[in-house]
Structures are given as C-alpha cells and as structure tokens.
>>> print(open('coords-v5.cif').read())   # mmCIF, C-alpha atoms; chains and numbers go by the auth columns
data_target
#
loop_
_atom_site.group_PDB
_atom_site.id
_atom_site.type_symbol
_atom_site.label_atom_id
_atom_site.label_comp_id
_atom_site.label_asym_id
_atom_site.label_seq_id
_atom_site.Cartn_x
_atom_site.Cartn_y
_atom_site.Cartn_z
_atom_site.B_iso_or_equiv
_atom_site.auth_seq_id
_atom_site.auth_asym_id
ATOM 1 C CA MET A 1 31.123 167.648 90.332 0.00 194 A
ATOM 2 C CA THR A 2 30.109 169.541 93.489 0.00 195 A
ATOM 3 C CA LYS A 3 31.793 172.933 93.812 0.00 196 A
ATOM 4 C CA LEU A 4 32.325 174.163 97.359 0.00 197 A
ATOM 5 C CA ILE A 5 33.449 177.160 99.361 0.00 198 A
ATOM 6 C CA ILE A 6 35.062 176.283 102.694 0.00 199 A
ATOM 7 C CA THR A 7 34.825 178.957 105.405 0.00 200 A
ATOM 8 C CA GLY A 8 37.079 178.901 108.443 0.00 201 A
ATOM 9 C CA SER A 9 39.645 177.460 106.043 0.00 202 A
ATOM 10 C CA LYS A 10 42.679 178.287 108.194 0.00 203 A
ATOM 11 C CA GLY A 11 41.306 176.547 111.289 0.00 204 A
ATOM 12 C CA ARG A 12 41.946 172.924 112.138 0.00 205 A
ATOM 13 C CA MET A 13 38.613 171.752 110.743 0.00 206 A
ATOM 14 C CA GLY A 14 39.000 173.984 107.707 0.00 207 A
ATOM 15 C CA GLN A 15 42.411 172.525 106.952 0.00 208 A
ATOM 16 C CA MET A 16 41.065 169.002 107.358 0.00 209 A
ATOM 17 C CA LEU A 17 38.139 169.773 105.043 0.00 210 A
ATOM 18 C CA LEU A 18 40.527 171.020 102.374 0.00 211 A
ATOM 19 C CA ALA A 19 42.729 167.937 102.730 0.00 212 A
ATOM 20 C CA CYS A 20 39.792 165.511 102.553 0.00 213 A
ATOM 21 C CA ALA A 21 38.145 167.355 99.655 0.00 214 A
ATOM 22 C CA ALA A 22 41.365 167.073 97.657 0.00 215 A
ATOM 23 C CA ARG A 23 41.038 163.268 97.843 0.00 216 A
ATOM 24 C CA ILE A 24 37.443 163.192 96.535 0.00 217 A
ATOM 25 C CA PRO A 25 37.295 163.456 92.714 0.00 218 A
ATOM 26 C CA GLU A 26 33.632 164.513 92.772 0.00 219 A
ATOM 27 C CA ILE A 27 34.383 167.654 94.834 0.00 220 A
ATOM 28 C CA GLN A 28 36.106 170.861 93.758 0.00 221 A
ATOM 29 C CA VAL A 29 36.919 173.621 96.248 0.00 222 A
ATOM 30 C CA VAL A 30 36.467 176.923 94.424 0.00 223 A
ATOM 31 C CA GLY A 31 37.067 179.134 97.458 0.00 224 A
ATOM 32 C CA ALA A 32 38.896 178.835 100.793 0.00 225 A
ATOM 33 C CA VAL A 33 37.731 181.691 103.035 0.00 226 A
ATOM 34 C CA ASP A 34 38.864 182.871 106.449 0.00 227 A
ATOM 35 C CA GLN A 35 38.726 186.112 108.451 0.00 228 A
ATOM 36 C CA GLY A 36 39.473 189.085 106.224 0.00 229 A
ATOM 37 C CA ASP A 37 38.654 187.259 102.977 0.00 230 A
ATOM 38 C CA ASP A 38 35.797 188.293 100.676 0.00 231 A
ATOM 39 C CA ILE A 39 33.515 185.303 100.151 0.00 232 A
ATOM 40 C CA SER A 40 31.471 187.204 97.562 0.00 233 A
ATOM 41 C CA ARG A 41 34.360 186.768 95.097 0.00 234 A
ATOM 42 C CA PHE A 42 33.648 183.030 94.942 0.00 235 A
ATOM 43 C CA ILE A 43 29.926 182.684 95.637 0.00 236 A
ATOM 44 C CA ALA A 44 28.768 182.679 92.010 0.00 237 A
ATOM 45 C CA ASP A 45 31.041 179.752 91.171 0.00 238 A
ATOM 46 C CA CYS A 46 29.978 177.376 93.972 0.00 239 A
ATOM 47 C CA ASP A 47 27.129 174.939 94.559 0.00 240 A
ATOM 48 C CA ALA A 48 27.344 175.080 98.363 0.00 241 A
ATOM 49 C CA VAL A 49 29.127 176.757 101.246 0.00 242 A
ATOM 50 C CA VAL A 50 30.551 174.582 104.042 0.00 243 A
ATOM 51 C CA ASP A 51 30.800 176.757 107.147 0.00 244 A
ATOM 52 C CA PHE A 52 33.224 175.911 109.953 0.00 245 A
ATOM 53 C CA SER A 53 33.994 179.475 111.002 0.00 246 A
ATOM 54 C CA LEU A 54 32.742 181.440 114.039 0.00 247 A
ATOM 55 C CA HIS A 55 29.169 181.662 115.313 0.00 248 A
ATOM 56 C CA HIS A 56 28.802 185.373 114.551 0.00 249 A
ATOM 57 C CA ALA A 57 29.829 184.865 110.902 0.00 250 A
ATOM 58 C CA THR A 58 27.304 182.179 109.925 0.00 251 A
ATOM 59 C CA LEU A 59 24.343 184.538 109.525 0.00 252 A
ATOM 60 C CA GLY A 60 26.183 186.586 106.912 0.00 253 A
ATOM 61 C CA PHE A 61 27.071 183.443 104.980 0.00 254 A
ATOM 62 C CA ALA A 62 23.448 182.272 105.145 0.00 255 A
ATOM 63 C CA GLU A 63 22.224 185.628 103.818 0.00 256 A
ATOM 64 C CA LEU A 64 24.697 185.478 100.931 0.00 257 A
ATOM 65 C CA CYS A 65 23.734 181.886 100.101 0.00 258 A
ATOM 66 C CA ALA A 66 20.057 182.871 100.039 0.00 259 A
ATOM 67 C CA GLN A 67 20.766 185.806 97.725 0.00 260 A
ATOM 68 C CA HIS A 68 22.583 183.534 95.271 0.00 261 A
ATOM 69 C CA GLN A 69 20.479 180.384 95.797 0.00 262 A
ATOM 70 C CA LYS A 70 23.377 178.292 97.089 0.00 263 A
ATOM 71 C CA ALA A 71 23.110 175.402 99.537 0.00 264 A
ATOM 72 C CA LEU A 72 24.674 175.672 102.992 0.00 265 A
ATOM 73 C CA VAL A 73 26.287 173.170 105.370 0.00 266 A
ATOM 74 C CA ILE A 74 26.771 174.523 108.910 0.00 267 A
ATOM 75 C CA GLY A 75 29.338 172.908 111.175 0.00 268 A
ATOM 76 C CA THR A 76 30.017 175.972 113.316 0.00 269 A
ATOM 77 C CA THR A 77 28.767 175.758 116.911 0.00 270 A
ATOM 78 C CA GLY A 78 28.190 178.196 119.762 0.00 271 A
ATOM 79 C CA HIS A 79 25.394 180.231 118.125 0.00 272 A
ATOM 80 C CA THR A 80 23.149 182.296 120.371 0.00 273 A
ATOM 81 C CA GLU A 81 19.409 181.659 120.297 0.00 274 A
ATOM 82 C CA PRO A 82 18.740 184.838 118.238 0.00 275 A
ATOM 83 C CA GLU A 83 21.458 183.781 115.770 0.00 276 A
ATOM 84 C CA LYS A 84 19.937 180.310 115.451 0.00 277 A
ATOM 85 C CA SER A 85 16.511 181.791 114.781 0.00 278 A
ATOM 86 C CA GLN A 86 17.750 184.243 112.153 0.00 279 A
ATOM 87 C CA ILE A 87 19.807 181.617 110.337 0.00 280 A
ATOM 88 C CA SER A 88 16.923 179.112 110.366 0.00 281 A
ATOM 89 C CA ASN A 89 14.690 181.652 108.632 0.00 282 A
ATOM 90 C CA PHE A 90 16.580 181.004 105.400 0.00 283 A
ATOM 91 C CA LYS A 91 15.418 177.368 105.262 0.00 284 A
ATOM 92 C CA SER A 92 12.452 178.511 103.173 0.00 285 A
ATOM 93 C CA GLN A 93 14.831 179.819 100.489 0.00 286 A
ATOM 94 C CA ILE A 94 17.729 177.352 100.382 0.00 287 A
ATOM 95 C CA PRO A 95 18.517 173.792 101.474 0.00 288 A
ATOM 96 C CA MET A 96 20.779 173.687 104.516 0.00 289 A
ATOM 97 C CA VAL A 97 22.272 170.898 106.594 0.00 290 A
ATOM 98 C CA TRP A 98 22.839 172.054 110.168 0.00 291 A
ATOM 99 C CA ALA A 99 24.356 169.473 112.469 0.00 292 A
ATOM 100 C CA SER A 100 26.282 169.695 115.704 0.00 293 A
ATOM 101 C CA ASN A 101 28.424 166.765 114.589 0.00 294 A
ATOM 102 C CA TYR A 102 29.035 165.282 111.130 0.00 295 A
ATOM 103 C CA SER A 103 30.583 161.997 112.251 0.00 296 A
ATOM 104 C CA THR A 104 28.715 158.880 111.145 0.00 297 A
ATOM 105 C CA GLY A 105 29.554 157.316 114.497 0.00 298 A
ATOM 106 C CA VAL A 106 28.189 160.238 116.497 0.00 299 A
ATOM 107 C CA ASN A 107 24.984 160.243 114.501 0.00 300 A
ATOM 108 C CA THR A 108 24.670 156.555 115.292 0.00 301 A
ATOM 109 C CA LEU A 109 25.108 157.591 118.944 0.00 302 A
ATOM 110 C CA PHE A 110 22.233 160.052 118.519 0.00 303 A
ATOM 111 C CA TRP A 111 20.023 157.239 117.198 0.00 304 A
ATOM 112 C CA LEU A 112 21.049 154.840 119.961 0.00 305 A
ATOM 113 C CA THR A 113 20.507 157.503 122.625 0.00 306 A
ATOM 114 C CA ARG A 114 16.944 158.039 121.501 0.00 307 A
ATOM 115 C CA LYS A 115 16.217 154.311 121.412 0.00 308 A
ATOM 116 C CA ALA A 116 17.805 153.704 124.815 0.00 309 A
ATOM 117 C CA ALA A 117 15.820 156.544 126.388 0.00 310 A
ATOM 118 C CA GLU A 118 12.603 155.139 124.938 0.00 311 A
ATOM 119 C CA ILE A 119 13.346 151.588 126.105 0.00 312 A
ATOM 120 C CA LEU A 120 14.692 152.392 129.575 0.00 313 A
ATOM 121 C CA GLY A 121 11.940 154.878 130.406 0.00 314 A
ATOM 122 C CA PRO A 122 11.709 157.556 133.085 0.00 315 A
ATOM 123 C CA GLY A 123 13.190 155.485 135.901 0.00 316 A
ATOM 124 C CA PHE A 124 16.779 156.179 134.810 0.00 317 A
ATOM 125 C CA ASP A 125 18.800 159.296 135.671 0.00 318 A
ATOM 126 C CA LEU A 126 20.332 161.000 132.623 0.00 319 A
ATOM 127 C CA GLU A 127 23.843 162.455 132.526 0.00 320 A
ATOM 128 C CA ILE A 128 26.072 163.568 129.634 0.00 321 A
ATOM 129 C CA VAL A 129 29.842 163.957 129.903 0.00 322 A
ATOM 130 C CA GLU A 130 31.935 165.438 127.092 0.00 323 A
ATOM 131 C CA MET A 131 35.629 166.243 126.728 0.00 324 A
ATOM 132 C CA HIS A 132 37.421 168.341 124.124 0.00 325 A
ATOM 133 C CA HIS A 133 40.807 169.963 123.563 0.00 326 A
ATOM 134 C CA ARG A 134 41.867 172.957 125.608 0.00 327 A
ATOM 135 C CA ARG A 135 41.237 175.431 122.756 0.00 328 A
ATOM 136 C CA LYS A 136 37.537 174.725 122.301 0.00 329 A
ATOM 137 C CA GLN A 137 35.625 177.949 122.831 0.00 330 A
ATOM 138 C CA ASP A 138 32.051 176.871 123.654 0.00 331 A
ATOM 139 C CA ALA A 139 30.725 174.619 126.399 0.00 332 A
ATOM 140 C CA PRO A 140 28.939 172.327 126.514 0.00 333 A
ATOM 141 C CA SER A 141 29.741 171.108 123.019 0.00 334 A
ATOM 142 C CA GLY A 142 27.105 171.303 120.333 0.00 335 A
ATOM 143 C CA THR A 143 27.083 167.508 120.230 0.00 336 A
ATOM 144 C CA ALA A 144 26.384 167.301 123.972 0.00 337 A
ATOM 145 C CA VAL A 145 23.524 169.769 123.571 0.00 338 A
ATOM 146 C CA SER A 146 22.099 167.670 120.731 0.00 339 A
ATOM 147 C CA LEU A 147 22.253 164.579 122.932 0.00 340 A
ATOM 148 C CA ALA A 148 20.503 166.463 125.731 0.00 341 A
ATOM 149 C CA GLU A 149 17.831 167.692 123.311 0.00 342 A
ATOM 150 C CA ILE A 150 17.207 164.106 122.211 0.00 343 A
ATOM 151 C CA LEU A 151 16.772 162.996 125.821 0.00 344 A
ATOM 152 C CA ALA A 152 14.515 165.952 126.593 0.00 345 A
ATOM 153 C CA GLY A 153 12.454 165.184 123.511 0.00 346 A
ATOM 154 C CA VAL A 154 11.894 161.587 124.580 0.00 347 A
ATOM 155 C CA ARG A 155 10.940 162.761 128.078 0.00 348 A
ATOM 156 C CA GLN A 156 8.716 165.465 126.549 0.00 349 A
ATOM 157 C CA VAL A 157 10.266 168.274 128.594 0.00 350 A
ATOM 158 C CA GLN A 158 11.948 171.574 127.743 0.00 351 A
ATOM 159 C CA LEU A 159 15.731 171.213 127.965 0.00 352 A
ATOM 160 C CA LYS A 160 16.228 174.724 129.340 0.00 353 A
ATOM 161 C CA GLU A 161 14.021 173.787 132.296 0.00 354 A
ATOM 162 C CA VAL A 162 15.779 170.505 133.201 0.00 355 A
ATOM 163 C CA ALA A 163 19.420 171.014 132.162 0.00 356 A
ATOM 164 C CA ARG A 164 21.990 171.027 134.996 0.00 357 A
ATOM 165 C CA HIS A 165 25.429 172.250 133.939 0.00 358 A
ATOM 166 C CA GLY A 166 27.760 170.698 136.501 0.00 359 A
ATOM 167 C CA ARG A 167 27.189 170.787 140.226 0.00 360 A
ATOM 168 C CA GLN A 168 28.885 172.631 143.059 0.00 361 A
ATOM 169 C CA GLY A 169 28.143 173.107 146.729 0.00 362 A
ATOM 170 C CA LEU A 170 25.160 171.884 148.685 0.00 363 A
ATOM 171 C CA VAL A 171 22.820 171.375 145.737 0.00 364 A
ATOM 172 C CA GLY A 172 20.602 168.761 147.371 0.00 365 A
ATOM 173 C CA ALA A 173 19.578 165.381 146.059 0.00 366 A
ATOM 174 C CA ARG A 174 19.361 164.882 142.322 0.00 367 A
ATOM 175 C CA THR A 175 15.872 165.499 140.955 0.00 368 A
ATOM 176 C CA PRO A 176 14.383 162.764 138.763 0.00 369 A
ATOM 177 C CA THR A 177 13.759 165.101 135.826 0.00 370 A
ATOM 178 C CA GLU A 178 17.116 166.826 135.443 0.00 371 A
ATOM 179 C CA ILE A 179 19.565 166.120 132.626 0.00 372 A
ATOM 180 C CA GLY A 180 23.165 166.684 133.671 0.00 373 A
ATOM 181 C CA LEU A 181 25.733 168.125 131.265 0.00 374 A
ATOM 182 C CA HIS A 182 29.421 168.182 132.169 0.00 375 A
ATOM 183 C CA ALA A 183 32.163 169.720 129.998 0.00 376 A
ATOM 184 C CA LEU A 184 35.813 168.693 130.387 0.00 377 A
ATOM 185 C CA ARG A 185 38.644 170.499 128.600 0.00 378 A
ATOM 186 C CA GLY A 186 42.281 169.513 128.211 0.00 379 A
ATOM 187 C CA GLY A 187 45.091 168.470 125.922 0.00 380 A
ATOM 188 C CA ASP A 188 44.368 167.712 122.286 0.00 381 A
ATOM 189 C CA VAL A 189 41.211 165.609 122.721 0.00 382 A
ATOM 190 C CA VAL A 190 39.264 165.692 119.434 0.00 383 A
ATOM 191 C CA GLY A 191 35.948 164.822 121.045 0.00 384 A
ATOM 192 C CA ASP A 192 34.591 162.302 123.560 0.00 385 A
ATOM 193 C CA HIS A 193 30.901 161.993 124.451 0.00 386 A
ATOM 194 C CA THR A 194 29.243 159.645 126.939 0.00 387 A
ATOM 195 C CA VAL A 195 25.536 159.362 127.722 0.00 388 A
ATOM 196 C CA ILE A 196 24.843 157.727 131.082 0.00 389 A
ATOM 197 C CA PHE A 197 21.545 156.071 132.046 0.00 390 A
ATOM 198 C CA ALA A 198 21.702 155.234 135.772 0.00 391 A
ATOM 199 C CA THR A 199 19.204 153.643 138.117 0.00 392 A
ATOM 200 C CA ASP A 200 19.303 151.517 141.257 0.00 393 A
ATOM 201 C CA GLY A 201 21.320 148.385 140.567 0.00 394 A
ATOM 202 C CA GLU A 202 22.469 149.091 137.010 0.00 395 A
ATOM 203 C CA ARG A 203 23.923 151.639 134.616 0.00 396 A
ATOM 204 C CA VAL A 204 24.007 151.864 130.819 0.00 397 A
ATOM 205 C CA GLU A 205 26.674 153.998 129.116 0.00 398 A
ATOM 206 C CA LEU A 206 26.880 154.903 125.434 0.00 399 A
ATOM 207 C CA THR A 207 30.221 156.377 124.387 0.00 400 A
ATOM 208 C CA HIS A 208 31.750 157.747 121.211 0.00 401 A
ATOM 209 C CA ARG A 209 35.404 158.788 121.031 0.00 402 A
ATOM 210 C CA ALA A 210 36.861 160.598 118.033 0.00 403 A
ATOM 211 C CA SER A 211 40.602 160.330 117.420 0.00 404 A
ATOM 212 C CA SER A 212 40.751 162.319 114.170 0.00 405 A
ATOM 213 C CA ARG A 213 38.901 165.287 112.689 0.00 406 A
ATOM 214 C CA GLU A 214 38.889 163.435 109.387 0.00 407 A
ATOM 215 C CA THR A 215 35.650 161.667 110.316 0.00 408 A
ATOM 216 C CA PHE A 216 33.911 165.040 110.813 0.00 409 A
ATOM 217 C CA ALA A 217 35.337 166.485 107.598 0.00 410 A
ATOM 218 C CA ASN A 218 34.306 163.519 105.454 0.00 411 A
ATOM 219 C CA GLY A 219 30.818 163.636 106.957 0.00 412 A
ATOM 220 C CA ALA A 220 30.446 167.350 106.210 0.00 413 A
ATOM 221 C CA LEU A 221 31.607 166.813 102.634 0.00 414 A
ATOM 222 C CA ARG A 222 29.128 163.952 102.294 0.00 415 A
ATOM 223 C CA ALA A 223 26.415 166.312 103.548 0.00 416 A
ATOM 224 C CA ALA A 224 27.448 168.949 101.002 0.00 417 A
ATOM 225 C CA ARG A 225 27.160 166.517 98.099 0.00 418 A
ATOM 226 C CA TRP A 226 23.737 165.453 99.407 0.00 419 A
ATOM 227 C CA VAL A 227 22.226 168.860 100.162 0.00 420 A
ATOM 228 C CA VAL A 228 22.762 170.350 96.708 0.00 421 A
ATOM 229 C CA ARG A 229 20.128 167.885 95.434 0.00 422 A
ATOM 230 C CA GLN A 230 17.507 168.796 98.042 0.00 423 A
ATOM 231 C CA LYS A 231 14.612 171.227 98.140 0.00 424 A
ATOM 232 C CA PRO A 232 14.793 174.280 100.439 0.00 425 A
ATOM 233 C CA GLY A 233 14.553 173.258 104.072 0.00 426 A
ATOM 234 C CA ARG A 234 16.592 172.608 107.174 0.00 427 A
ATOM 235 C CA TYR A 235 18.108 169.136 107.395 0.00 428 A
ATOM 236 C CA ASP A 236 20.546 167.399 109.726 0.00 429 A
ATOM 237 C CA MET A 237 23.005 164.540 109.436 0.00 430 A
ATOM 238 C CA GLN A 238 20.304 162.036 110.324 0.00 431 A
ATOM 239 C CA ASP A 239 18.590 163.033 107.053 0.00 432 A
ATOM 240 C CA VAL A 240 21.844 162.703 105.122 0.00 433 A
ATOM 241 C CA LEU A 241 22.426 159.203 106.495 0.00 434 A
ATOM 242 C CA GLY A 242 18.812 158.083 106.096 0.00 435 A
ATOM 243 C CA LEU A 243 18.371 157.428 109.828 0.00 436 A
ATOM 244 C CA LYS A 244 14.944 159.080 110.074 0.00 437 A
#
>>> encode(input="coords-v5.cif", output="structure tokens")
Amino acid sequence: MTKLIITGSKGRMGQMLLACAARIPEIQVVGAVDQGDDISRFIADCDAVVDFSLHHATLGFAELCAQHQKALVIGTTGHTEPEKSQISNFKSQIPMVWASNYSTGVNTLFWLTRKAAEILGPGFDLEIVEMHHRRKQDAPSGTAVSLAEILAGVRQVQLKEVARHGRQGLVGARTPTEIGLHALRGGDVVGDHTVIFATDGERVELTHRASSRETFANGALRAARWVVRQKPGRYDMQDVLGLK
C-alpha cells in the first residue's frame, strides 16, 4: 500500500487524482490539501506527496518532504528558474519525480521527438505548437518547454538562446537555429502538442492530443508508486516508464 498526500486537491487535476486513486487498491490517500490547509497534519502518515498545486507552493512542500524523508512527485508547472533550482537541491535528500507531463503517450512523444531530431538532422526547421484550455495560467506549457529542451539538446544549443515565442511584425527570415514555440488558448482543450520538422519539399509532424485528464492522473499515481522505492535523486517520467 502506497500512502499519498494530494496537493491542489480542489483543482481539476487534484479532483481527477483523487478519483483515480480511489480506483487503485494499492493506493491510499491520507491527505487532500489545498490553499489554507495544513499539510503538516498528514505528512507523518504518507509515503509520498503528489503536488499539483501552484508554482510558489512547491518549494515549501519539497522542504517538508525532505524534513520527513518523504518522496515527492511534482506535476505543477510554471516555476521560475530560482524556484526550480531551490527545489532541485532536495534531490540529494529525497527521491522526486519531476515531469512536465505524466501521460504515457506524451512521454512516448518525447522519445519520438528526440529520435526524429537525431535522424532528420540540422537541415529541418523546428516548431512547436501547443493548445490548452482558456484557464491555463502559464505559457508555453511545461510540456512544450520539455519538447523544446529535447530539440535543443539534440542540436547541442542553449534553449534560451534559440527559442522564439511567436512572431509579430517585420521579424525577417527564419534563422536556421531557432526553435519556435507557439501557445494557443481556448475552450476546454485538455492539451494538444505538435512538433513540426520542416524543410524544402517535406514536413514531418508528431502530435499528441489529450481528451481527458485521467491519463495524466494515472501516470502521476504510477510515478508515486515507483518513486517510493527509489534512492534520493531527481527522476522524470522517462525513468518511471523505463524509456532511458
């Protein structure tokens, strides 16, 4: 039995996590925490915290997990660079899974994106288009950033130096090194991501479309059951799925 605390429990992902966890006999939710709740009341009784809250709250949860030697699964996105650095520091004390997307399909997209970039080489222009519901707070999505980081890694460049977030006005011809990221928002779209490889005469597109948050919730719960058996360190969903 894996005992979990769910943070952000009143949000859409939090509610889905609670619903999915209730259908898994090997999981027990010992605490459902949202803004105004005291997570310290439950921390001693859990094996791991699954965080789908707000970016500014994750660091406090990581600190508490480190104090009590509890594993951590981070699904929250939108962290600043200083927040990311501070949270990552706890990887020497506790095992944590930190992924921008917990869908098995999306993590397959990550793997395919890397392979396609390696096979197609530098002669293809790289563009990423993502769409989410109108209430999403951060842009581009964490998944889109992960895809861009994969492409930048294959090209051996720094993403911050080559990323182009949309285009407006007389921007000139596209440079061969840039990686375009484009964020669309509207309706109730759960999450669509497309990676485009374009060159003269042909185009390759890899697309994943999510129609339910259940796929993300089940993936995060799978990660939680996996991470409690690991040594301290920072892992991602590729580790959980054995894709590395």
>>> closest_residue(input="coords-v5.cif", among="A:Ile312, A:Val322, A:Ala212, A:Met194", to="Glu398 (chain A)", atoms="only C-alpha atoms")
A:Val322
>>> closest_residue(input="coords-v5.cif", among="A:Gln286, A:Val222, A:Val350, A:Ser296", to="Val433 (chain A)", atoms="only C-alpha atoms")
A:Ser296
>>> residues_near_point(input="coords-v5.cif", point="(30.2, 168.5, 100.1)", cutoff="10 Å", atoms="all atoms listed in the file", output="ChimeraX atom specification")
/A:194-199,210,214,217,219-222,240-243,264-266,410-421
>>> resolve_selection(input="coords-v5.cif", expression="the PyMOL selection byres ((chain A and resi 428) around 10)", output="PyMOL selection string")
chain A and resi 266+284+288-292+416+420+423+425-427+429-433
>>> resolve_selection(input="coords-v5.cif", expression="the PyMOL selection byres ((chain A and resi 309) around 12)", output="PyMOL selection string")
chain A and resi 302-308+310-315+317+319+340+343-344+347-348+388-391+396-399
>>> resolve_selection(input="coords-v5.cif", expression="the PyMOL selection byres ((chain A and resi 333) around 6)", output="list in words")
Ala332, Ser334 and Ala376 of chain A
>>> closest_residue(input="coords-v5.cif", among="A:Glu323, A:Asp385, A:Glu342, A:Glu276", to="Gly359 (chain A)", atoms="all atoms listed in the file")
A:Glu323
>>> atom_distance(input="coords-v5.cif", atom1="CA of His386 (chain A)", atom2="CA of Asp331 (chain A)")
14.9 Å
>>> residues_around(input="coords-v5.cif", residues="region 253-258 of chain A", least_positions_apart="3", cutoff="8 Å", atoms="all atoms listed in the file", output="VMD selection string")
chain A and resid 233 236 241 to 242 244 250 261 to 265 280 283 287
>>> closest_residue(input="coords-v5.cif", among="A:Ala237, A:Val226, A:Ala345, A:Leu434", to="Gly298 (chain A)", atoms="all atoms listed in the file")
A:Leu434
>>> residues_near_point(input="coords-v5.cif", point="(17.3, 171.9, 130.0)", cutoff="10 Å", atoms="all atoms listed in the file", output="ChimeraX atom specification")
/A:338,341-342,344-345,350-358,370-374
>>> write_last_selection(input="coords-v5.cif", atoms="C-alpha atoms", output="PDB file, in the frame of the given file")
ATOM      1  CA  VAL A 338      23.524 169.769 123.571  1.00  0.00           C
ATOM      2  CA  ALA A 341      20.503 166.463 125.731  1.00  0.00           C
ATOM      3  CA  GLU A 342      17.831 167.692 123.311  1.00  0.00           C
ATOM      4  CA  LEU A 344      16.772 162.996 125.821  1.00  0.00           C
ATOM      5  CA  ALA A 345      14.515 165.952 126.593  1.00  0.00           C
ATOM      6  CA  VAL A 350      10.266 168.274 128.594  1.00  0.00           C
ATOM      7  CA  GLN A 351      11.948 171.574 127.743  1.00  0.00           C
ATOM      8  CA  LEU A 352      15.731 171.213 127.965  1.00  0.00           C
ATOM      9  CA  LYS A 353      16.228 174.724 129.340  1.00  0.00           C
ATOM     10  CA  GLU A 354      14.021 173.787 132.296  1.00  0.00           C
ATOM     11  CA  VAL A 355      15.779 170.505 133.201  1.00  0.00           C
ATOM     12  CA  ALA A 356      19.420 171.014 132.162  1.00  0.00           C
ATOM     13  CA  ARG A 357      21.990 171.027 134.996  1.00  0.00           C
ATOM     14  CA  HIS A 358      25.429 172.250 133.939  1.00  0.00           C
ATOM     15  CA  THR A 370      13.759 165.101 135.826  1.00  0.00           C
ATOM     16  CA  GLU A 371      17.116 166.826 135.443  1.00  0.00           C
ATOM     17  CA  ILE A 372      19.565 166.120 132.626  1.00  0.00           C
ATOM     18  CA  GLY A 373      23.165 166.684 133.671  1.00  0.00           C
ATOM     19  CA  LEU A 374      25.733 168.125 131.265  1.00  0.00           C
TER      20      LEU A 374
END
>>> atom_distance(input="coords-v5.cif", atom1="CA of Met324 (chain A)", atom2="CA of Ala403 (chain A)")
10.4 Å
>>> axis_aligned_box(input="coords-v5.cif", around="region 305-316 of chain A", padding_each_side="4 Å", output="AutoDock Vina command-line options")
--center_x 16.4 --center_y 154.8 --center_z 127.9 --size_x 17.3 --size_y 14.5 --size_z 23.9
>>> atom_distance(input="coords-v5.cif", atom1="CA of Thr269 (chain A)", atom2="CA of Met206 (chain A)")
9.9 Å
>>> residues_around(input="coords-v5.cif", residues="Lys277 (chain A)", least_positions_apart="5", cutoff="10 Å", atoms="only C-alpha atoms", output="list in words")
His248, Thr251, Leu252, Gly271, His272 and Asn282 of chain A
>>> residues_around(input="coords-v5.cif", residues="His326 (chain A)", least_positions_apart="4", cutoff="8 Å", atoms="all atoms listed in the file", output="PyMOL selection string")
chain A and resi 378-384
>>> write_last_selection(input="coords-v5.cif", atoms="C-alpha atoms", output="tab-separated table (two decimals), in the coordinates of the input")
chain	number	residue	atom	x	y	z
A	378	ARG	CA	38.64	170.50	128.60
A	379	GLY	CA	42.28	169.51	128.21
A	380	GLY	CA	45.09	168.47	125.92
A	381	ASP	CA	44.37	167.71	122.29
A	382	VAL	CA	41.21	165.61	122.72
A	383	VAL	CA	39.26	165.69	119.43
A	384	GLY	CA	35.95	164.82	121.04
